[in-house]
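Next comes input-v7.cif, with mmCIF, C-alpha atoms.
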data_protein
loop_
_atom_site.label_atom_id
_atom_site.label_comp_id
_atom_site.auth_asym_id
_atom_site.auth_seq_id
_atom_site.Cartn_x
_atom_site.Cartn_y
_atom_site.Cartn_z
CA MET K 27 0.00 0.00 0.00
CA LYS K 28 1.33 3.42 -0.98
CA PHE K 29 0.60 5.84 1.85
CA GLN K 30 0.88 9.59 1.32
CA SER K 31 0.37 10.89 4.85
CA PHE K 32 0.19 10.06 8.52
CA LEU K 33 -2.63 11.32 10.69
CA ILE K 34 -1.24 11.95 14.17
CA LYS K 35 -3.57 11.29 17.09
CA TYR K 36 -2.81 12.96 20.41
CA GLY K 37 -4.29 12.39 23.86
CA GLU K 38 -3.94 14.88 26.71
CA ILE K 39 -3.28 17.76 24.34
CA GLY K 40 -6.93 17.61 23.34
CA ILE K 41 -8.11 18.78 26.77
CA LYS K 42 -5.88 21.85 26.99
CA GLY K 43 -8.64 24.27 26.01
CA LYS K 44 -7.49 27.65 24.75
CA ASN K 45 -3.84 26.66 25.25
CA ARG K 46 -4.10 23.61 22.99
CA TYR K 47 -2.39 25.37 20.08
CA ILE K 48 0.78 25.78 22.20
CA PHE K 49 0.99 22.03 22.72
CA GLU K 50 0.12 21.28 19.09
CA ASP K 51 2.89 23.58 17.90
CA ALA K 52 5.36 21.92 20.29
CA LEU K 53 4.26 18.50 19.04
CA MET K 54 4.86 19.55 15.43
CA ARG K 55 8.35 20.84 16.31
CA GLN K 56 9.19 17.50 17.91
CA ILE K 57 7.87 15.60 14.88
CA ARG K 58 10.05 17.68 12.56
CA PHE K 59 13.07 17.00 14.77
CA ALA K 60 12.35 13.27 14.85
CA LEU K 61 12.11 13.10 11.05
CA LYS K 62 14.95 15.43 10.09
CA ASP K 63 17.36 12.57 9.34
CA VAL K 64 14.78 10.23 7.78
CA GLU K 65 14.88 9.73 4.04
CA GLY K 66 12.10 11.76 2.43
CA THR K 67 10.49 15.21 2.45
CA PHE K 68 7.86 15.82 5.11
CA ASN K 69 5.32 18.59 5.58
CA VAL K 70 4.08 18.69 9.17
CA HIS K 71 0.94 20.78 9.58
CA LYS K 72 -2.36 20.97 11.40
CA ALA K 73 -5.89 21.44 10.16
CA GLN K 74 -9.29 21.34 11.89
CA GLY K 75 -7.94 19.92 15.14
CA ARG K 76 -5.75 17.33 13.42
CA VAL K 77 -1.98 17.07 12.96
CA TYR K 78 -0.74 15.58 9.69
CA VAL K 79 2.59 14.49 8.30
CA ASP K 80 2.42 14.65 4.50
CA CYS K 81 5.14 12.72 2.67
CA ASP K 82 6.25 14.24 -0.63
CA GLY K 83 7.65 11.73 -3.10
CA GLU K 84 9.59 8.68 -1.99
CA PHE K 85 10.21 8.11 1.72
CA ASP K 86 11.32 5.34 4.07
CA TYR K 87 8.08 4.10 5.64
CA ASP K 88 9.64 2.01 8.42
CA GLU K 89 12.09 4.74 9.47
CA THR K 90 9.32 7.34 9.42
CA VAL K 91 7.12 5.25 11.70
CA ALA K 92 10.07 4.51 13.99
CA GLY K 93 10.81 8.24 14.27
CA LEU K 94 7.18 9.09 15.05
CA LYS K 95 7.02 6.37 17.72
CA ARG K 96 9.68 8.29 19.67
CA VAL K 97 7.71 11.57 19.80
CA PHE K 98 6.06 12.16 23.16
CA GLY K 99 2.51 13.46 22.81
CA ILE K 100 1.56 11.04 20.04
CA VAL K 101 -0.87 8.29 21.04
CA GLY K 102 -1.61 6.98 17.55
CA ILE K 103 0.03 7.02 14.11
CA CYS K 104 -2.39 6.41 11.25
CA PRO K 105 -1.00 5.70 7.76
CA VAL K 106 -3.37 7.51 5.41
CA ILE K 107 -4.22 7.58 1.74
CA HIS K 108 -6.00 10.68 0.53
CA VAL K 109 -8.01 11.15 -2.63
CA GLU K 110 -9.57 14.09 -4.40
CA ASP K 111 -13.32 14.36 -4.32
CA LYS K 112 -14.28 13.02 -7.78
CA GLY K 113 -17.71 11.83 -6.82
CA PHE K 114 -19.08 9.17 -4.51
CA ASP K 115 -18.86 6.32 -7.02
CA GLU K 116 -15.14 6.98 -7.42
CA LEU K 117 -14.73 7.00 -3.62
CA LYS K 118 -16.38 3.57 -3.39
CA LYS K 119 -13.91 2.18 -5.94
CA VAL K 120 -10.96 3.60 -4.00
CA VAL K 121 -12.21 2.15 -0.71
CA VAL K 122 -12.78 -1.30 -2.23
CA ASN K 123 -9.24 -1.27 -3.67
CA TYR K 124 -7.89 -0.16 -0.30
CA MET K 125 -9.61 -3.01 1.54
CA ASP K 126 -8.46 -5.53 -1.06
CA GLU K 127 -4.83 -4.47 -0.83
CA MET K 128 -4.67 -3.94 2.95
CA TYR K 129 -6.50 -7.14 3.93
CA PRO K 130 -5.85 -10.13 1.64
CA ASP K 131 -7.69 -12.39 4.12
CA LYS K 132 -11.32 -11.34 3.81
CA ASN K 133 -12.58 -13.75 6.47
CA THR K 134 -12.88 -10.93 8.98
CA THR K 135 -15.20 -8.24 10.32
CA PHE K 136 -15.32 -4.52 9.67
CA LYS K 137 -17.10 -1.29 10.41
CA VAL K 138 -17.09 2.00 8.49
CA GLU K 139 -16.77 5.17 10.55
CA ALA K 140 -17.08 8.37 8.55
CA ARG K 141 -16.59 11.96 9.67
CA ARG K 142 -17.80 14.79 7.46
CA GLY K 143 -15.62 17.81 8.20
CA LYS K 144 -16.68 19.41 4.90
CA LYS K 145 -20.35 20.20 5.51
CA SER K 146 -21.03 20.92 1.82
CA TYR K 147 -20.38 17.27 0.97
CA PRO K 148 -23.65 15.86 -0.45
CA LYS K 149 -23.83 12.84 1.88
CA ASN K 150 -23.85 12.88 5.67
CA SER K 151 -21.76 10.59 7.86
CA MET K 152 -24.46 7.94 8.29
CA GLU K 153 -25.10 7.76 4.55
CA ILE K 154 -21.38 7.38 3.88
CA ASN K 155 -21.16 4.58 6.46
CA CYS K 156 -24.07 2.65 4.96
CA GLU K 157 -23.22 3.03 1.28
CA ILE K 158 -19.48 2.39 1.64
CA GLY K 159 -20.23 -0.63 3.84
CA GLU K 160 -22.62 -1.94 1.19
CA ALA K 161 -19.97 -1.54 -1.54
CA ILE K 162 -17.44 -3.53 0.54
CA LEU K 163 -19.96 -6.32 1.19
CA GLU K 164 -20.82 -6.55 -2.52
CA ALA K 165 -17.13 -6.75 -3.46
CA PHE K 166 -16.19 -9.27 -0.77
CA PRO K 167 -19.16 -11.50 0.22
CA GLU K 168 -17.13 -13.38 2.85
CA ILE K 169 -16.48 -10.29 4.96
CA LYS K 170 -18.91 -9.49 7.79
CA VAL K 171 -20.10 -6.31 9.48
CA ASP K 172 -19.59 -5.96 13.24
CA VAL K 173 -20.49 -2.54 14.61
CA HIS K 174 -19.48 -3.39 18.19
CA LYS K 175 -16.07 -5.13 18.03
CA PRO K 176 -14.86 -5.09 14.41
CA ALA K 177 -11.45 -6.45 13.50
CA ILE K 178 -11.12 -3.57 11.02
CA LYS K 179 -12.41 -0.06 11.64
CA LEU K 180 -12.31 1.77 8.33
CA ASN K 181 -12.11 5.53 8.93
CA ILE K 182 -13.14 7.98 6.21
CA GLU K 183 -12.69 11.69 6.88
CA VAL K 184 -14.20 14.08 4.38
CA ARG K 185 -12.32 17.36 4.28
CA GLU K 186 -10.99 19.33 1.31
CA GLU K 187 -9.58 15.95 0.37
CA ILE K 188 -10.87 12.60 1.58
CA TYR K 189 -8.66 10.70 4.03
CA ILE K 190 -8.88 6.92 4.39
CA TYR K 191 -7.17 4.86 7.10
CA SER K 192 -7.75 1.74 9.17
CA GLU K 193 -4.49 1.12 11.03
CA ILE K 194 -3.54 2.92 14.24
CA ILE K 195 0.07 2.31 15.31
CA PRO K 196 0.49 3.05 19.05
CA GLY K 197 2.64 6.05 19.96
CA PRO K 198 4.44 6.67 23.25
CA GLY K 199 1.83 9.01 24.72
CA GLY K 200 2.78 11.72 27.19
CA MET K 201 3.32 15.39 26.43
CA PRO K 202 5.57 17.11 23.86
CA VAL K 203 9.08 17.75 25.20
CA GLY K 204 9.61 21.35 26.24
CA THR K 205 6.04 22.08 27.31
CA ASN K 206 6.82 21.55 31.01
CA GLY K 207 10.15 23.24 31.55
CA LYS K 208 13.58 21.65 31.97
CA ALA K 209 15.26 19.53 34.64
CA MET K 210 18.74 18.17 35.47
CA LEU K 211 19.18 14.39 35.33
CA LEU K 212 21.86 12.76 37.49
CA LEU K 213 22.96 10.25 34.88
CA SER K 214 25.06 7.23 35.81
CA GLY K 215 26.02 4.16 33.84
CA GLY K 216 23.32 2.06 35.53
CA ILE K 217 19.90 0.87 34.45
CA ASP K 218 17.73 3.23 36.49
CA SER K 219 18.77 6.80 35.66
CA PRO K 220 18.28 6.58 31.85
CA VAL K 221 14.80 5.18 32.51
CA ALA K 222 14.10 8.07 34.91
CA GLY K 223 15.20 10.55 32.25
CA TYR K 224 12.97 8.92 29.66
CA MET K 225 9.97 8.92 32.00
CA ILE K 226 10.25 12.55 33.08
CA SER K 227 10.85 13.58 29.47
CA LYS K 228 7.62 11.78 28.57
CA ARG K 229 5.80 14.34 30.70
CA GLY K 230 7.07 17.17 28.49
CA VAL K 231 10.21 18.04 30.50
CA GLY K 232 13.39 18.93 28.60
CA LEU K 233 16.58 17.29 29.87
CA GLU K 234 20.08 18.29 30.80
CA ALA K 235 22.35 15.80 32.59
CA THR K 236 25.30 15.58 34.96
CA TYR K 237 27.64 12.60 35.15
CA PHE K 238 30.30 12.11 37.85
CA HIS K 239 33.54 10.68 36.50
CA ALA K 240 36.38 9.46 38.77
CA PRO K 241 39.57 8.92 36.77
CA PRO K 242 41.74 6.85 37.09
CA TYR K 243 39.35 4.72 39.15
CA THR K 244 36.78 4.83 36.36
CA SER K 245 37.87 4.38 32.76
CA GLU K 246 37.23 6.34 29.59
CA ARG K 247 35.06 3.41 28.54
CA ALA K 248 32.83 4.06 31.56
CA LYS K 249 32.52 7.68 30.47
CA GLN K 250 31.73 6.66 26.88
CA LYS K 251 29.09 4.29 28.18
CA VAL K 252 27.28 7.19 29.83
CA ILE K 253 27.56 9.30 26.67
CA ASP K 254 26.07 6.39 24.72
CA LEU K 255 23.21 6.16 27.22
CA ALA K 256 22.58 9.90 26.84
CA LYS K 257 22.44 9.43 23.06
CA LEU K 258 19.82 6.70 23.44
CA VAL K 259 17.68 8.84 25.76
CA SER K 260 18.07 11.84 23.42
CA LYS K 261 16.18 9.91 20.72
CA TYR K 262 13.12 10.68 22.81
CA SER K 263 14.07 13.88 24.64
CA GLY K 264 15.99 15.72 21.94
CA PRO K 265 19.59 16.97 22.42
CA ILE K 266 20.93 16.71 25.98
CA LYS K 267 23.59 19.02 27.42
CA LEU K 268 25.80 16.66 29.43
CA ASN K 269 28.06 17.96 32.21
CA ILE K 270 30.92 15.54 32.94
CA VAL K 271 32.30 16.32 36.41
CA ASN K 272 35.70 15.08 37.63
CA PHE K 273 34.69 13.88 41.08
CA THR K 274 37.89 12.03 42.06
CA ASP K 275 39.40 14.57 44.47
CA ILE K 276 36.12 15.10 46.32
CA GLN K 277 35.61 11.35 46.68
CA LEU K 278 39.14 10.74 47.95
CA TYR K 279 38.82 13.61 50.44
CA ILE K 280 35.51 12.24 51.76
CA TYR K 281 37.05 8.77 51.91
CA ASP K 282 39.95 10.14 53.95
CA LYS K 283 37.96 12.34 56.36
CA CYS K 284 34.58 10.69 56.95
CA PRO K 285 33.37 7.39 58.49
CA HIS K 286 33.35 4.74 55.80
CA ASP K 287 29.84 3.55 56.52
CA GLU K 288 28.65 7.09 55.64
CA LEU K 289 30.68 7.43 52.41
CA THR K 290 27.83 6.74 50.01
CA ILE K 291 25.46 9.22 51.65
CA ILE K 292 28.01 12.02 51.93
CA MET K 293 29.27 11.52 48.37
CA ARG K 294 25.68 11.50 47.18
CA ARG K 295 24.99 14.76 49.00
CA TYR K 296 27.88 16.45 47.20
CA MET K 297 26.75 15.06 43.87
CA MET K 298 23.35 16.60 44.48
CA LYS K 299 24.95 19.94 45.39
CA ILE K 300 27.03 20.02 42.22
CA ALA K 301 24.16 18.91 39.99
CA GLU K 302 21.95 21.57 41.54
CA TYR K 303 24.60 24.21 40.85
CA PHE K 304 24.53 23.37 37.12
CA ALA K 305 20.74 23.09 37.20
CA LYS K 306 20.36 26.63 38.52
CA GLU K 307 22.93 27.94 36.04
CA SER K 308 20.83 26.50 33.17
CA GLY K 309 17.43 27.50 34.48
CA CYS K 310 16.33 23.96 35.33
CA LEU K 311 13.32 23.61 37.60
CA GLY K 312 14.38 20.45 39.42
CA LEU K 313 16.68 17.45 39.68
CA ILE K 314 15.91 13.94 38.42
CA THR K 315 17.33 10.72 39.85
CA GLY K 316 16.75 7.03 39.21
CA GLU K 317 16.28 6.16 42.86
CA SER K 318 13.75 3.51 43.93
CA ILE K 319 12.81 3.12 47.59
CA GLY K 320 14.79 0.38 49.29
CA GLN K 321 16.67 -0.81 46.22
CA VAL K 322 20.11 -0.14 47.76
CA ALA K 323 21.41 1.35 51.01
CA SER K 324 21.48 4.91 49.63
CA GLN K 325 17.82 4.65 48.63
CA THR K 326 16.08 3.94 51.94
CA MET K 327 13.63 6.59 53.12
CA GLN K 328 16.18 7.85 55.63
CA SER K 329 18.91 8.04 52.98
CA LEU K 330 16.68 9.88 50.52
CA MET K 331 15.80 12.40 53.21
CA ALA K 332 19.52 12.93 53.90
CA THR K 333 20.30 13.62 50.23
CA ASN K 334 17.24 15.85 49.80
CA ASP K 335 18.49 17.94 52.71
CA VAL K 336 21.18 19.64 50.60
CA CYS K 337 18.83 20.65 47.75
CA SER K 338 16.69 23.72 47.39
CA LEU K 339 15.29 22.60 44.04
CA PRO K 340 12.70 19.80 44.03
CA VAL K 341 14.02 16.30 43.35
CA TYR K 342 11.90 14.17 41.00
CA ARG K 343 12.21 10.37 41.18
CA PRO K 344 10.03 8.86 38.43
CA VAL K 345 10.86 5.22 39.31
CA ILE K 346 10.54 5.66 43.08
CA GLY K 347 7.83 3.00 43.44
CA PHE K 348 9.08 0.56 40.78
CA ASP K 349 10.77 -2.74 41.47
CA LYS K 350 13.88 -3.67 39.51
CA GLN K 351 12.13 -5.80 36.91
CA GLU K 352 9.69 -3.01 36.08
CA ILE K 353 12.62 -0.66 35.49
CA VAL K 354 14.43 -3.29 33.39
CA ASP K 355 11.32 -3.75 31.25
CA ILE K 356 11.28 -0.04 30.36
CA ALA K 357 15.06 -0.04 29.79
CA GLU K 358 14.63 -2.87 27.30
CA LYS K 359 11.78 -1.04 25.58
CA ILE K 360 13.88 2.11 25.06
CA ASP K 361 17.05 0.14 24.16
CA THR K 362 19.21 1.35 27.07
CA TYR K 363 19.40 -1.96 28.94
CA GLU K 364 22.18 -3.64 26.95
CA THR K 365 24.36 -0.54 27.24
CA SER K 366 23.62 -0.13 30.97
CA ILE K 367 24.83 -3.64 31.82
CA LEU K 368 28.20 -3.25 30.10
CA PRO K 369 30.89 -3.98 32.75
CA PHE K 370 32.35 -0.48 33.11
CA GLU K 371 31.74 0.76 36.66
CA ASP K 372 31.02 4.33 37.62
CA CYS K 373 32.26 6.25 40.65
CA CYS K 374 29.29 5.23 42.82
CA THR K 375 30.24 1.55 42.71
CA ILE K 376 34.02 2.05 42.97
CA PHE K 377 33.88 3.83 46.34
CA VAL K 378 31.00 1.98 47.96
CA ALA K 379 31.50 0.91 51.58
CA LYS K 380 31.36 -2.75 52.57
CA HIS K 381 28.70 -2.06 55.20
CA PRO K 382 27.00 1.26 54.36
CA VAL K 383 24.62 2.83 56.83
CA THR K 384 21.03 2.20 55.77
CA LYS K 385 19.29 4.53 58.22
CA PRO K 386 21.53 7.57 58.41
CA ASN K 387 20.88 10.14 61.12
CA LEU K 388 20.90 13.56 59.48
CA ASN K 389 22.52 15.30 62.45
CA ILE K 390 25.34 12.74 62.53
CA ILE K 391 25.88 13.11 58.75
CA ARG K 392 26.15 16.87 59.12
CA ARG K 393 28.68 16.51 61.95
CA SER K 394 30.76 14.13 59.84
CA GLU K 395 30.79 16.67 57.02
CA GLU K 396 32.37 19.20 59.38
CA ASN K 397 35.57 17.14 58.95
CA LEU K 398 35.63 18.36 55.33
CA ALA K 399 35.59 22.06 56.16
CA GLU K 400 39.28 22.68 55.41
CA LYS K 401 39.25 21.85 51.69
CA ILE K 402 35.77 20.92 50.49
CA ASP K 403 34.80 24.38 49.20
CA GLU K 404 38.01 24.56 47.18
CA LEU K 405 37.45 21.08 45.74
CA PHE K 406 33.81 21.89 44.99
CA GLU K 407 34.86 24.99 43.06
CA GLN K 408 37.56 23.06 41.23
CA ALA K 409 35.06 20.41 40.13
CA ILE K 410 32.75 23.09 38.77
CA GLN K 411 35.50 24.98 36.96
CA THR K 412 36.93 21.88 35.27
CA VAL K 413 33.62 20.43 34.08
CA GLU K 414 33.53 19.07 30.53
CA THR K 415 30.29 19.96 28.76
CA ILE K 416 29.11 18.31 25.57
CA VAL K 417 25.82 18.31 23.68
CA VAL K 418 24.64 14.78 23.02
CA LYS K 419 22.37 14.08 20.04
CA PRO K 420 20.83 10.88 18.72
#

Give the structure from the file, written as structure tokens.
Amino acid sequence: MKFQSFLIKYGEIGIKGKNRYIFEDALMRQIRFALKDVEGTFNVHKAQGRVYVDCDGEFDYDETVAGLKRVFGIVGICPVIHVEDKGFDELKKVVVNYMDEMYPDKNTTFKVEARRGKKSYPKNSMEINCEIGEAILEAFPEIKVDVHKPAIKLNIEVREEIYIYSEIIPGPGGMPVGTNGKAMLLLSGGIDSPVAGYMISKRGVGLEATYFHAPPYTSERAKQKVIDLAKLVSKYSGPIKLNIVNFTDIQLYIYDKCPHDELTIIMRRYMMKIAEYFAKESGCLGLITGESIGQVASQTMQSLMATNDVCSLPVYRPVIGFDKQEIVDIAEKIDTYETSILPFEDCCTIFVAKHPVTKPNLNIIRRSEENLAEKIDELFEQAIQTVETIVVKP
């Protein structure tokens, strides 16, 4: 079947009232971005409460659909053929040919659902339903009508041209990226944080990211792994500004000055401080982490409270109530899982204590941090000044 367009169905955008056009425009920008490297020429536009992607000339169908399936805000992708209005008899012929080519096995059920957007059209929606349905039954006697649960729902939309479609390919849902501000993702080489970035981006939030590198204890391959993960997430979120922070000196200083069972919590607190610094510099409205309650020692309720203590921006944790398998399932869906499990450890795993505290007392943690007073501000400033910043694209 030679399709000429895609009708884009959206969900939540439709209830935005007078602000709907803002979300529609953002959705169209994201569609253009998703298709910019796909073979073909695409015209993304909206008309009468619909968003369309018209394909001029030859285009790669599979790549186009794959690109659209990564655009948040889309709930359905409908491959469409459109025909000029040359009379109702001609429309019946086109529909019969469409059904014959799309569905070689006629032992099925169908329903016609017409919408007449062009009110000057001589037949109303019910008349179109009945007469098109009759033409299909005459052409293919073995096919059956089922108005309640049809296997095929044939949609006909009468506008300036007539649009015909019956397939709805599921989209990712959510809201267009950029319609809900921007946030800073603490990105590690693990499974959880890329999933957290994907999930918060699905709600329309643009992403920046901060990664904590600890050479020579972590390798360049560990760093490249995180860049690769950012590239995979950016297929959905758009380009990500990634801050790569050399955290070695801060970690060694904490290791030298603080109780070892508190290392993870205190290191985590300084990671949050640094990430928040870059977040405020970039106008981000919050921090994002991949923490899930109780998954590891640094993610108990007490530990999360201790890390939150150093932040003035809100901390969003999209996978907070997920178990590991639920997170893995999403990681596999967005293709980050295989990269996340590559055996290149990040700084969090290199400096972990053998017996970390699981219920840290905030007052005790603060007293332990007083041991860092001599040099920590200098090291903090040094980490900020030596940051490596790159823009990661798909």

Translate the PyMOL selection byres ((chain K and resi 259) around 10), as applied to the file shown, into an explicit residue set as number ranges by chain.
-> K: 220-225, 227, 233, 253-258, 260-266, 360-362, 418-420

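Interatomic distance, CA of Leu398 (chain K) to CA of Asp287 (chain K): 15.9 Å.
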
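For the atom pair formed by CA of Lys249 (chain K) and CA of Leu278 (chain K), the distance is 18.9 Å, given to one decimal.
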
Given the file shown, determine the residues that the PyMOL selection byres ((chain K and resi 340) around 8) selects; report them as a PyMOL selection string.
-> chain K and resi 311-313+337-339+341-342

C-alpha atoms of the current selection, written as an mmCIF file, in the coordinates of the input:
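See result10.cif below for the written result:
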data_model
loop_
_atom_site.group_PDB
_atom_site.id
_atom_site.type_symbol
_atom_site.label_atom_id
_atom_site.label_comp_id
_atom_site.auth_asym_id
_atom_site.auth_seq_id
_atom_site.Cartn_x
_atom_site.Cartn_y
_atom_site.Cartn_z
ATOM 1 C CA LEU K 311 13.320 23.610 37.600
ATOM 2 C CA GLY K 312 14.380 20.450 39.420
ATOM 3 C CA LEU K 313 16.680 17.450 39.680
ATOM 4 C CA CYS K 337 18.830 20.650 47.750
ATOM 5 C CA SER K 338 16.690 23.720 47.390
ATOM 6 C CA LEU K 339 15.290 22.600 44.040
ATOM 7 C CA VAL K 341 14.020 16.300 43.350
ATOM 8 C CA TYR K 342 11.900 14.170 41.000
#

Region 74-85 of chain K surroundings by only C-alpha atoms, 8 Å radius, close-in-sequence under 6 positions cut, as JSON, numbers by chain = {"K": [30, 31, 32, 33, 34, 35, 50, 54, 64, 65, 66, 67, 68]}

Using only the atoms of region 55-68 of chain K listed in the file, plus 5 Å on each side, state the axis-aligned box centre and edge lengths in Å rounded to one decimal, as AutoDock Vina command-line options.
--center_x 12.6 --center_y 15.3 --center_z 10.2 --size_x 19.5 --size_y 21.1 --size_z 25.5

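Atom pair CA of Ile410 (chain K) / CA of Gly207 (chain K): separated by 23.7 Å.
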
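For the residues K:Phe406, K:Tyr281, K:Tyr47, K:Phe114, ranking by smallest atom-to-atom distance to Ile158 (chain K) using only C-alpha atoms places K:Phe114 first.
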
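When all atoms listed in the file are used to measure the gap to Gln351 (chain K), the shortest distance among K:Ile217, K:Val70, K:Ala60, K:Val173 belongs to K:Ile217.
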
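Checking K:Asp282, K:Pro344, K:Asp275, K:Leu388 one by one against Met331 (chain K), counting all atoms listed in the file, you find the shortest gap at K:Leu388.
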
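The closest residue to Lys62 (chain K), picked from K:Gly93, K:Pro202, K:Gly99, K:Pro369 and counting only C-alpha atoms, is K:Gly93.
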
Write out as an MDAnalysis selection string each polymer residue whose atoms come within 6 Å of Gly230 (chain K), counting all atoms listed in the file; drop sequence neighbours fewer than 4 positions from it.
-> chainID K and resid 201:206

Skip Asn272 (chain K) itself and residues of its chain fewer than 6 positions away, then list as a ChimeraX atom specification all residues within 8 Å of it, counting all atoms listed in the file.
-> /K:238-241,409,412-413

Hits of the PyMOL selection byres ((chain K and resi 395) around 12) in this structure, as a ChimeraX atom specification | /K:279-285,288-289,291-293,295-296,336,388-394,396-403

Got a sec: who's within 12 Å of Lys149 (chain K), counting all atoms listed in the file, leaving out chain neighbours fewer than 4 positions off, as a PyMOL selection string?
-> chain K and resi 113-114+140-145+153-158+184
